[in-house]
Each structure stands twice: as C-alpha cells, then as structure tokens.
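Right, one structure below, let's go through it.
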2 protein chains.
Amino acid sequence: MKIIPLGGLGEIGMNCMVLETDREILVIDCGLLFSDLEHLGIEFVIPDFSYLVERKDKIKAFIITHGHEDHIGAISFAIKAGIKAPIYASAFTARLIGERMIEPGLTDRVDVRVLPEMGRVEFEDFKVQTVPVNHSIIEACALIIDTPEGKIVHTGDFKIDPTPYYGKAMDLSVFKKAGDEGVLLLLSDSTNVERCDHSMSEKKVYNSLEQLMAASEGLFIISMFASNIGRMGQVLEMAAKQGKKVALAGRTMDGNARVAMECGYLKGAQNILIAQDQISDYPRNEVVLLATGSQGEFGSALSRLSQGEYAPASLLQGDQVVLSSKFIPGNEKAIGRTINALFKQGADVIYDAIHEVHVSGHVTRPELKLMLEVVRLKFFVLIHGEFRHLVHHSRLAIEAGVPEPQVLIAINGDVLELNPNSLRVTEHMEETRVLVEGRAGGDVSRLMIKERRNLAEKGVVFSLLVRNSSSRRIVAGPEIFAKGIVHEDQEGWLIEEGKKIVKKIVKKYEDALDHGESYKEDLQETIRIELRRFFNNNIGKKPTVVPIVLDV
Amino acid sequence: MKIIPLGGLGEIGMNCMVLETDREILVIDCGLLFSDLEHLGIEFVIPDFSYLVERKDKIKAFIITHGHEDHIGAISFAIKAGIKAPIYASAFTARLIGERMIEPGLTDRVDVRVLPEMGRVEFEDFKVQTVPVNHSIIEACALIIDTPEGKIVHTGDFKIDPTPYYGKAMDLSVFKKAGDEGVLLLLSDSTNVERCDHSMSEKKVYNSLEQLMAASEGLFIISMFASNIGRMGQVLEMAAKQGKKVALAGRTMDGNARVAMECGYLKGAQNILIAQDQISDYPRNEVVLLATGSQGEFGSALSRLSQGEYAPASLLQGDQVVLSSKFIPGNEKAIGRTINALFKQGADVIYDAIHEVHVSGHVTRPELKLMLEVVRLKFFVLIHGEFRHLVHHSRLAIEAGVPEPQVLIAINGDVLELNPNSLRVTEHMEETRVLVEGRAGGDVSRLMIKERRNLAEKGVVFSLLVRNSSSRRIVAGPEIFAKGIVHEDQEGWLIEEGKKIVKKIVKKYEDALDHGESYKEDLQETIRIELRRFFNNNIGKKPTVVPIVLDV
C-alpha cells in the first residue's frame, strides 16, 4: 500500500495524509496553513488536491482527527475540487466542519458523519478505530487503522494530560494493546520535539488564571485561541466560583462557544455569560472578557482593545490582560505590538515570558519516547513538524532503540510504499501546495506572487503613447503614470524626465526608415528597458514598466 | 535642561537621545531600526532629525556609546540633513562609523574623533566621561555626564561580564563613585528586563563552541553577528588550538574583521584565516567557516549555504552549523526556514533552543537591580526597550526602592525638563520617525506605504480611453491593463468584462447633453468607482484603479 503525505510534513500546518491500497483511498485530515504572504494578498496555503481529484472514485472517506484549522480548514476546497467522500469526525469536530461550510455555500454538498468516542468505521481495506487523546481542543483523537499490510497508528496531535478539563487522561493501554498485536507503522506528532520538559496539564493553567482573576481590581481580559474549549470551560468555572460574569469578544469565540454548548460542553454557561454590551452594567472587577487576538491579529477583539477601538469597553488603569496562548513563530512582532499598545492603554499585561499562563497541546520529548515504547512499532514516520522537527524526532526514535533503517524522514509529496517487510520512498511529486486568496477567492500562482512582490517593493510605471494607425506617427503622449514609486514631490520631476526619455526613443524610431512588422513591439520593449534603467539610476530600483502604444 | 529621546524609547532600535541646555545640545547615539516593512521596499527606519536640524548650530557633538547599527546607523542621514557636529567614539567604533560613510559618499564630510578608554570630552555645559562596559561588541561604553543641573548616567547597552574575551569586567566602582557624588538621573538599558536569569559570560560560549568544534567531523560553520568581535576572537583562538583554519563568509564579516585587526584585535588571525576559495585546499574537518546570516537574511552567506548556492563549499552529511546568536523577534520564520533548509542539505544544525551556543549582550533583572543600587539615582528614565520593557523596568526600579514619582516612563518625542528637584514631560512632539528605502534611497511617506500595500494586496488596473479633443468623442479604447490581480487565465475574462463596463459608462456620458467643465474628471471618477465595484464583486477585492482619458 501507499502512504502519501500531501501536507504537514515539513511545516506545522495543512495536515493531509493519503493511505491508498489498490482499491481504496483514505484521507486523514485536510487542513490549511496560515500564510506569511498576507501582505501579498495570500490568506492561507492548502495542499494540492490533484492527486486525489484524479482518483476521486477510490476515496472512501476523510477521517478528521480534530477540529483545528490545520486539520479541517481545506475540506471546503477538497469539496469544491469535486471530491465527494464522506467525512468522519467526532460530534464537536463535525459541527465545526459544518460551520466552515456556510461561507463557501457548501452546506448541502458536505457529508459529515459523526463517530463516537472509540468509534469504528470499516471499509474493505481499512478498519479505522478512533482513540481519544488529550490536546488543546476537545474531542481530539488518534487513529488505529488495520490495513491489508498491517496495523498503522496515527497519533494525530496529542499530549498526555493526566488531568484534562474535559474528557479523561488518554488511555495508553489502548496503544499498548495495539503494540501487543503488532504495529507495522507509527505516524507521530513532532511539534514539540525540541522541548525536554514535560508538557504540563491544562489544570496548571487553572491555578495561575484563578489567582490572577481573583486579584484583579479591574476588567480581567483573557486572550486565547477560540478553539480551546477546555480552557474556556475552566474560565467559566472559576468566574462562577468568584461570582463574576464572562463576556465573549470576537466572532470565533462566540461561534465556538455556541458549538461547544450545542455539544453539551460549557455547562451552566448561560448563567455566567453576558453579552458584550452588558459589560458596563456590572462593576468592572466583576467582568471577565474572553477575547480573540492572542496572536496580535489585526482587527481582532484584543487588537481593537489595544487601540481603544473596542466599542463595549475601554481599558483603564487596573485592568489586566492575560495572553493565555503560545507566541506562534512569525507572530512575535504583531503580538509584541499588541502588548505594547495594551500597556500604553494603561492595562497590565501578563504573558508566558513572565508568568505561566499557558500550556502547550503537544507532547514533548519524554512523552514522545513513552509513546514509542508503548507502541513498539516496526516502522516510524514523523509527522506534524517542520523539517528540523522531523529530524530531531527521528533521532529521538533512534535513541529510543528503533533501528535506524526503520525510521523514515518523509516530506510532502513523497510516495511511500509500505509492506510488512519494508517502507521506502518510491516516488516524489513536486509542488504540493496551493496559495489561496481567502475562502471566497481562488488560488494564486507563484508568478503572480512575484508580480505582486515587485509592485510592492518597486512600484509600477505606465508609459502611454497614441499612434495613428495609418501614418504610424505618434499623435499623443508620452504620458507617464506611476504608482508606489516615490513621494509626490519627487515624482513630478521623475515623470517629466521619463517623458523626455520616451520622446527621444520615439524620435529615433520615427526617424528610422524601417517600420517593420515588429516595430510596435520593439518600440515598447525599448521604452520598457530605458525607463527601468532611468528609474534605477535615479531611485535605485527598477519598477515594473508597462509600455503601451495605442493605435487610433 | 531638556532631555529628548528621538528614538529607542518604545522600540529596540534607532537609539538617539538629545540633551539640551540653553546654549548647547549633545546627541547620544544616532541609530537605525531595521524595518519590518521590507516587503514594501522599506529597508530601515531612522529618527526624525528636524528638531536637531532647526537647532543645528547649538549641537556640540554626537557621543556614540558603541558600534551597533541601532546606535550608529543613522549618522549618515544626520550629516546629509546638514548637521555638522563632531562625532566622538572609541577607536573601533570610530572606524566602523568611517566605514559606513563610504557608500553614501560622506567620508569628507564626517568629523569623527577618537576617545580613549575612560575618555573625557568637555563642552561648556556638558562634561562627558566614557566608562567601558561589557556588551556583545567591543569598546562599548556608558557615559557619566556632568551637566549644570547635575550628574547624568547613561548606561548605553551593557551587561556585567566577569570574564569577557576582550577588555575587562566592567568596573562598577566608577558608577559607585558617581553615586557617591550624587546622580541626578540614570538612563538605563531595558532590553532584557523580562529575563530573571543572570546574563552569562561570553566565556560560557567558549566551552560549548570548543567542544562542538573539536567533535566536528566535517565542515564546521558558525553563524553569528559580524559585529561580535569578541566571539570572533574566541573562535579564532579555539581554531588555532585545534589546528584548524577559519574562513570568513559574508561582506560584513570580512569588513568587521579587517577593522578589528586594524584596531589591534584578533591577534595572530593572519595565521589562521584563509580565503573562502581556499576552503577546498584543506581537509573538511580542518576548516571553520564564520558566516553571516544568523537571522536568516536572504542572500547572506548562511542562506546561500542552505540553498546550495554558496560557491566556495557545498554542505555534506557530517557538516555542522551552529547558530551562535539570538533569534531576533520577527525573524523566527526566516531563521526557521534557513535551519530547515540546512538540515535538508544534510548538515546538522545546533541552535539556542537545543544547545547553549549564545549569550546575550544585555543585562538581566538581577544585574539591572545591582546597577540601580550602585548608582543611587534621584530620577530614573528607562531607555532601550519596547514600551513593555520600559514598564517592566520601571516596576523593577520601584521594587528596588526608587520612589515611584521619581521613575518616569518616557517615549520617543517626549520633551523632559530636568532640574535638581524635578523631572517631568512638558511637551510631546508627534511623528518621530522616517521610513527609508535604503542607504542610497530617500525617505518614504506613510501615504506611499499605503499605496504600496494596496498594490501588493489588491493589484492595480489602468483603464485607458483616447478622446478627440475637439469633438470630445472617444476615438480609441477602452483598453484595460492589470498587474497583480489574478492568474492570466482568469484575467482575460475580467479585462473583457471590465472593458464592457467602461464602454457602457462612455456611452452614457456621450449620450448626455451636458459636457461641462468637469466632464473628463467625472468620467474618470465614474470609471474608477465602477471598475473597483466590478472587481470587488468578482474577485473579492478592490484594486487601485487609474482611469485615464487622453486627448488627441
């Protein structure tokens, strides 16, 4: 059988793994990766589904391990690409997926099927068992899959939390039992392989937050991922104990809380939750605000608070903001800006660098080792990590006694052939990602990215000439229009000089005898080259030049 | 007297502090801030010098505490703005400043004067004493300044290193003596105020690097800041001990080593240094490569190595790369990409997250507290930090016993009035920074930044019509040219539809009886609005539309 990672191996994001036998395909997770090309209009990146589209009749199911965007965010694109397979997920995850189908208008086209805890779903070649694991979202699961070649364990994203807020500590005996029966292949989460400390229990956050909340003399704001329903539940519980009310700020915070309540979580929330516009009805130190924006996202509730642009409340001296979340690499500057702005508003800000107000949802080295020991796999493939994480995880496995030839570092697009005696990469498919403008927009080519980058860094210049089509003489122009180049005060001079250059070129061309076939193209190309040279000499960069000769 | 921070209070970068009496101005440091708007063509940010330019005859001197770019990088811009005061700095710092004057062609216009260790320079109102401090660059100093109002201590950037590689442990007794005489105002480095551990000695890095170097079986590459001459000296020393050769990769690494040698540092280097093209003349495990690019900078030596584009050497299995440097916030993604790419080339990569291969050049909480106790200041202003660092530093001072009213959190542009009995902000000057395209280029307005951002995120559309100036009828067009919008395959359709819209508008206008004064402007504005609406409806964003009606 084949195992093909379409995403998630070489980055943290866009997880998507294909299991394929001669007659069946199973897809595990279907997520997106938030883009760092936002400034070029790219919102996120998704796997390239062409391999799946070409084999869509073989696809029996998507199995979704949990509801984070990097596991469910590309489902709508797979459906739009014409893939019709049912999607299996836990009750909460299923509802989250349903929510994501509304905006792209796919509610009628999606077939989501709910799996219970320790759920089973069987196809001809694949028999899938879901196993609850601990993570920073509720109802996360690992998968134990019986295949014609042998047993595969896919951990999903997980940690081992002895005291999670919702659910139970994950039951390692299930994995041990699988190990007893023999595991041919383990696919395991590599995110936190660089961390040597134990991943702490979600309960650890409880004590920190509870003390801070109790001591708060003003508005108490907690910013966290809206998907962390466990933490939301903890905050509601401690607020109830302290006789405080909780308001939810941010659309996803609201939406996820609603979905969680529909699934039976956040019990008693209706007595504690208040609407944002009720905040001012209560004494300031009796209100807790749960806000989105822990990554410094522009326009989020926390960002608006930091700018004094959050309508329901302004920050005052004595208010406290807790960032109960990770600083995701790449977001440090935006988070830092938000923290600085919150301090400037007079609030106190508590964050992980100075106080323990967050725990990770991912397993660290000691527990990764434990998982290896429990499962006693034959072959090992590291998943869910940047390349460096995969390398470190492979070393950990070898340290833990897995024979080196049985550990394989695969990347997106690798085609792995698995049988009871061997695992190897037989093929590699290039280019396995698609840049997307947004949920409504389409995909964007690399060429377009280059074009946009040039526009932003170097600006654009349009040079315009009007030519009489019969006499072939220039009858109007040159006109030059520039965008993104320089100050208006400098621009005037540059444009006048630019026009002189175009005039000279025109004169040279019109004086020439040969007005051949490529006359217009040659003229345009000369203008392009000369204007780029002119700007480079004067402002040190070559803008995009669009030379136009229009016939009348 | 007045104290005016033009930069550095509210960010880590572009340090520049003005001290002003009725008849004199002294400027401490004159640095730049590397921009996070690189993608919009902005290379760095500098303070707004207009306050200084308006008072240029009062300026007696620039005093430069050390040679980092955030302390010297804006000097060339101050000179270009017409400020002629002499620049006082240590021998090494002075040479670095001289190097920075070559590219902008200011070598003849700069007047740099060398101050010895514990140097003194006296003006009518200001008597300046430099005091050597430890930092991640050689010859860094603090300043003790006698002013008509009292004594001011400016720490510069510092740490307390009992065993620096070059120079001595900083002598706290000098600060104690100043304290004995009475310090009116302390200005102190806030960079690492969030760190509770002791800043470690540069010597700590020695042991780590030496062991790694000795164990290396292939090419051993150390990437670090090119300005860290102390670390460079250590690497040369350990390489000499191990009988290895060192090659320098990267223009600034080369340049800084040359300047350091001219100043008497890196003794014996000529026996150990080899040119990059000699690398292949030696056994692989006998060569150490000191490379720029520890921040993942595009085009740097390390980045080229990671891409297999470094001509003098390719990476092989067994090679080792050590990132002996901080991950500067905002650079994590670029650094991560470089690390991943180095691993993919087969090298092993060692970095701070997994091994102790770097120490900071800035003092942490315990030592900051010590400095407060030694100096026994009356007033305290926190410098060199983002706003949050200034807040935390102010709290630390109050914890340490400085009465709260004597601690002042100032930001760039604040005008502070200081006399023996009071320190207060009397005024605030808005907008104290200038965005710069690069050393050759000019400054860029916020409006232009917005224009470039729109170009990058939403693209630009030129709509073109040619009109007969006497009949006022359209004789050619509409033509539409788009850049940065969508794929070419979609673009055709969008442009054809766009043309139809313009045609309809033209028809409506030509059919109308009233061809008044503003006919052309109205037509252009209608085209602009309608095309933006059209693109928004079809691709979900509004490009910049330039509607042109050209008369012939």
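In the structure tokens, the first chain shown is A, the next is B, and so on; residue numbers restart at 1 for each chain, and ligands run from 1 in the order shown.
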* Asked: Quick one: residues within 9 Å of Ala482 in chain A, only C-alpha atoms counted, chain neighbours fewer than 6 positions away excluded, as a list in words?
  ->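 Once the nearby chain positions are removed, what remains is Gly459, Val460, Val461, Phe462, Ser463, Glu491 and Ile495 of chain A.
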Dump as a PDB file, in the first residue's frame, selection limited to all heavy atoms:
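The resulting file, again.pdb, is reproduced below:
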```pdb
ATOM      1  N   GLY A 459       7.182  49.352  -7.195  1.00  0.00           N
ATOM      2  CA  GLY A 459       6.198  50.191  -7.865  1.00  0.00           C
ATOM      3  C   GLY A 459       5.982  49.829  -9.322  1.00  0.00           C
ATOM      4  O   GLY A 459       6.570  48.880  -9.849  1.00  0.00           O
ATOM      5  N   VAL A 460       5.096  50.575  -9.974  1.00  0.00           N
ATOM      6  CA  VAL A 460       4.735  50.299 -11.366  1.00  0.00           C
ATOM      7  C   VAL A 460       4.623  51.619 -12.128  1.00  0.00           C
ATOM      8  O   VAL A 460       4.203  52.627 -11.583  1.00  0.00           O
ATOM      9  CB  VAL A 460       3.412  49.483 -11.426  1.00  0.00           C
ATOM     10  CG1 VAL A 460       2.254  50.229 -10.773  1.00  0.00           C
ATOM     11  CG2 VAL A 460       3.050  49.093 -12.842  1.00  0.00           C
ATOM     12  N   VAL A 461       5.065  51.579 -13.384  1.00  0.00           N
ATOM     13  CA  VAL A 461       5.034  52.775 -14.233  1.00  0.00           C
ATOM     14  C   VAL A 461       4.346  52.418 -15.550  1.00  0.00           C
ATOM     15  O   VAL A 461       4.707  51.422 -16.179  1.00  0.00           O
ATOM     16  CB  VAL A 461       6.476  53.255 -14.537  1.00  0.00           C
ATOM     17  CG1 VAL A 461       6.466  54.358 -15.581  1.00  0.00           C
ATOM     18  CG2 VAL A 461       7.157  53.721 -13.258  1.00  0.00           C
ATOM     19  N   PHE A 462       3.324  53.198 -15.908  1.00  0.00           N
ATOM     20  CA  PHE A 462       2.678  53.016 -17.210  1.00  0.00           C
ATOM     21  C   PHE A 462       3.144  54.139 -18.131  1.00  0.00           C
ATOM     22  O   PHE A 462       3.062  55.310 -17.764  1.00  0.00           O
ATOM     23  CB  PHE A 462       1.157  53.070 -17.068  1.00  0.00           C
ATOM     24  CG  PHE A 462       0.564  51.765 -16.637  1.00  0.00           C
ATOM     25  CD1 PHE A 462       0.773  51.290 -15.352  1.00  0.00           C
ATOM     26  CD2 PHE A 462      -0.192  51.004 -17.513  1.00  0.00           C
ATOM     27  CE1 PHE A 462       0.239  50.073 -14.952  1.00  0.00           C
ATOM     28  CE2 PHE A 462      -0.731  49.786 -17.113  1.00  0.00           C
ATOM     29  CZ  PHE A 462      -0.516  49.321 -15.825  1.00  0.00           C
ATOM     30  N   SER A 463       3.643  53.757 -19.294  1.00  0.00           N
ATOM     31  CA  SER A 463       4.025  54.760 -20.287  1.00  0.00           C
ATOM     32  C   SER A 463       3.055  54.633 -21.454  1.00  0.00           C
ATOM     33  O   SER A 463       2.803  53.539 -21.955  1.00  0.00           O
ATOM     34  CB  SER A 463       5.446  54.490 -20.761  1.00  0.00           C
ATOM     35  OG  SER A 463       5.627  55.060 -22.038  1.00  0.00           O
ATOM     36  N   GLU A 491       8.082  62.867  -7.547  1.00  0.00           N
ATOM     37  CA  GLU A 491       7.507  62.153  -8.667  1.00  0.00           C
ATOM     38  C   GLU A 491       7.399  63.049  -9.894  1.00  0.00           C
ATOM     39  O   GLU A 491       7.660  62.617 -11.013  1.00  0.00           O
ATOM     40  CB  GLU A 491       6.127  61.625  -8.253  1.00  0.00           C
ATOM     41  CG  GLU A 491       5.654  60.451  -9.065  1.00  0.00           C
ATOM     42  CD  GLU A 491       4.369  59.874  -8.482  1.00  0.00           C
ATOM     43  OE1 GLU A 491       4.461  59.096  -7.537  1.00  0.00           O
ATOM     44  OE2 GLU A 491       3.285  60.246  -8.975  1.00  0.00           O
ATOM     45  N   ILE A 495       8.755  62.009 -13.537  1.00  0.00           N
ATOM     46  CA  ILE A 495       7.840  61.748 -14.643  1.00  0.00           C
ATOM     47  C   ILE A 495       8.173  62.641 -15.839  1.00  0.00           C
ATOM     48  O   ILE A 495       8.190  62.178 -16.984  1.00  0.00           O
ATOM     49  CB  ILE A 495       6.385  61.912 -14.155  1.00  0.00           C
ATOM     50  CG1 ILE A 495       6.025  60.661 -13.325  1.00  0.00           C
ATOM     51  CG2 ILE A 495       5.425  62.105 -15.320  1.00  0.00           C
ATOM     52  CD1 ILE A 495       4.657  60.664 -12.735  1.00  0.00           C
TER      53      ILE A 495
END
```
* To do: Would you please give, as a ChimeraX atom specification, all residues of range 363-413 of chain B that DSSP assigns to strand (DSSP E or B) based on the backbone?
  => /B:364,377-383,385-386,407-408
* Asked: Any idea which chain A residues end up within 7 Å of chain B if we count only C-alpha atoms, as a PyMOL selection string please?
  -> chain A and resi 39-41+194+329-330+332-333+339-340+343+354+386-388+441+444-445+448+451-453+455-458+475-476+484+486-487+539-540+552
Can you pull out the residues contacting Ala275 in chain B? Cut-off 6 Å, using only C-alpha atoms, and skip same-chain residues under 2 positions away; I want them as a JSON list (two decimals) with N, CA and C atoms, in the first residue's frame.
```json
[["chain", "number", "residue", "atom", "x", "y", "z"],
["B", 247, "ALA", "N", 37.69, 30.50, 7.71],
["B", 247, "ALA", "CA", 37.35, 31.35, 6.56],
["B", 247, "ALA", "C", 36.17, 32.23, 6.94],
["B", 277, "ASP", "N", 38.06, 30.81, -1.09],
["B", 277, "ASP", "CA", 38.34, 29.87, -2.18],
["B", 277, "ASP", "C", 39.45, 28.88, -1.84],
["B", 278, "GLN", "N", 39.99, 29.01, -0.62],
["B", 278, "GLN", "CA", 40.98, 28.02, -0.17],
["B", 278, "GLN", "C", 40.35, 26.88, 0.64]]
```
* **Distance query range 363-371 of chain A at most 7 Å, only C-alpha atoms, self and fewer than 2 positions along chain excluded, as a list of chain:residue names** =>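 After dropping sequence-adjacent residues, the list is A:Phe158, A:Lys159, A:Ile160, A:Asn192, A:Val193, A:Arg195, A:Cys196, A:Asp197, A:His198, A:Ser199, A:Gly361, A:Glu373, A:Val374, A:Val375, A:Ala400.
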* Asked: How many Å lie between CA of Val183 in chain B and CA of Lys151 in chain B, rounded to one decimal?
  -> 4.9 Å
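For Lys542 in chain A, the residues within 7 Å (counting only C-alpha atoms, excluding itself and residues fewer than 3 positions away along the chain) are Lys458, Arg532, Arg533, Phe535 and Asn536 of chain A.
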Would you save the residues from that selection as a PDB file, in the first residue's frame, using all heavy atoms?
```pdb
ATOM      1  N   LYS A 458       8.849  47.832  -5.637  1.00  0.00           N
ATOM      2  CA  LYS A 458       9.469  48.698  -6.653  1.00  0.00           C
ATOM      3  C   LYS A 458       8.481  49.565  -7.411  1.00  0.00           C
ATOM      4  O   LYS A 458       8.893  50.409  -8.203  1.00  0.00           O
ATOM      5  CB  LYS A 458      10.259  47.830  -7.621  1.00  0.00           C
ATOM      6  CG  LYS A 458      11.369  47.053  -6.940  1.00  0.00           C
ATOM      7  CD  LYS A 458      11.989  46.038  -7.863  1.00  0.00           C
ATOM      8  CE  LYS A 458      12.940  45.138  -7.089  1.00  0.00           C
ATOM      9  NZ  LYS A 458      13.290  43.954  -7.872  1.00  0.00           N
ATOM     10  N   ARG A 532      13.200  51.565 -17.132  1.00  0.00           N
ATOM     11  CA  ARG A 532      13.694  50.825 -15.968  1.00  0.00           C
ATOM     12  C   ARG A 532      15.107  51.286 -15.615  1.00  0.00           C
ATOM     13  O   ARG A 532      15.424  51.503 -14.438  1.00  0.00           O
ATOM     14  CB  ARG A 532      13.680  49.317 -16.229  1.00  0.00           C
ATOM     15  CG  ARG A 532      12.319  48.684 -15.948  1.00  0.00           C
ATOM     16  CD  ARG A 532      12.209  47.308 -16.554  1.00  0.00           C
ATOM     17  NE  ARG A 532      13.102  46.335 -15.928  1.00  0.00           N
ATOM     18  CZ  ARG A 532      12.813  45.632 -14.839  1.00  0.00           C
ATOM     19  NH1 ARG A 532      11.666  45.823 -14.214  1.00  0.00           N
ATOM     20  NH2 ARG A 532      13.655  44.747 -14.362  1.00  0.00           N
ATOM     21  N   ARG A 533      15.933  51.472 -16.621  1.00  0.00           N
ATOM     22  CA  ARG A 533      17.293  51.939 -16.389  1.00  0.00           C
ATOM     23  C   ARG A 533      17.274  53.334 -15.761  1.00  0.00           C
ATOM     24  O   ARG A 533      17.982  53.609 -14.791  1.00  0.00           O
ATOM     25  CB  ARG A 533      18.054  51.953 -17.716  1.00  0.00           C
ATOM     26  CG  ARG A 533      19.521  52.333 -17.559  1.00  0.00           C
ATOM     27  CD  ARG A 533      20.261  52.230 -18.878  1.00  0.00           C
ATOM     28  NE  ARG A 533      20.248  50.869 -19.401  1.00  0.00           N
ATOM     29  CZ  ARG A 533      20.433  50.547 -20.687  1.00  0.00           C
ATOM     30  NH1 ARG A 533      20.611  51.513 -21.582  1.00  0.00           N
ATOM     31  NH2 ARG A 533      20.423  49.288 -21.071  1.00  0.00           N
ATOM     32  N   PHE A 535      14.898  54.816 -13.978  1.00  0.00           N
ATOM     33  CA  PHE A 535      14.473  54.796 -12.568  1.00  0.00           C
ATOM     34  C   PHE A 535      15.548  54.184 -11.678  1.00  0.00           C
ATOM     35  O   PHE A 535      15.803  54.646 -10.576  1.00  0.00           O
ATOM     36  CB  PHE A 535      13.141  54.048 -12.403  1.00  0.00           C
ATOM     37  CG  PHE A 535      11.954  54.897 -12.766  1.00  0.00           C
ATOM     38  CD1 PHE A 535      11.322  54.787 -13.996  1.00  0.00           C
ATOM     39  CD2 PHE A 535      11.462  55.840 -11.857  1.00  0.00           C
ATOM     40  CE1 PHE A 535      10.228  55.585 -14.319  1.00  0.00           C
ATOM     41  CE2 PHE A 535      10.377  56.636 -12.169  1.00  0.00           C
ATOM     42  CZ  PHE A 535       9.758  56.509 -13.404  1.00  0.00           C
ATOM     43  N   ASN A 536      16.187  53.144 -12.159  1.00  0.00           N
ATOM     44  CA  ASN A 536      17.245  52.515 -11.371  1.00  0.00           C
ATOM     45  C   ASN A 536      18.371  53.504 -11.074  1.00  0.00           C
ATOM     46  O   ASN A 536      18.871  53.572  -9.958  1.00  0.00           O
ATOM     47  CB  ASN A 536      17.783  51.282 -12.106  1.00  0.00           C
ATOM     48  CG  ASN A 536      18.636  50.410 -11.201  1.00  0.00           C
ATOM     49  OD1 ASN A 536      18.385  50.334  -9.989  1.00  0.00           O
ATOM     50  ND2 ASN A 536      19.641  49.768 -11.756  1.00  0.00           N
TER      51      ASN A 536
END
```
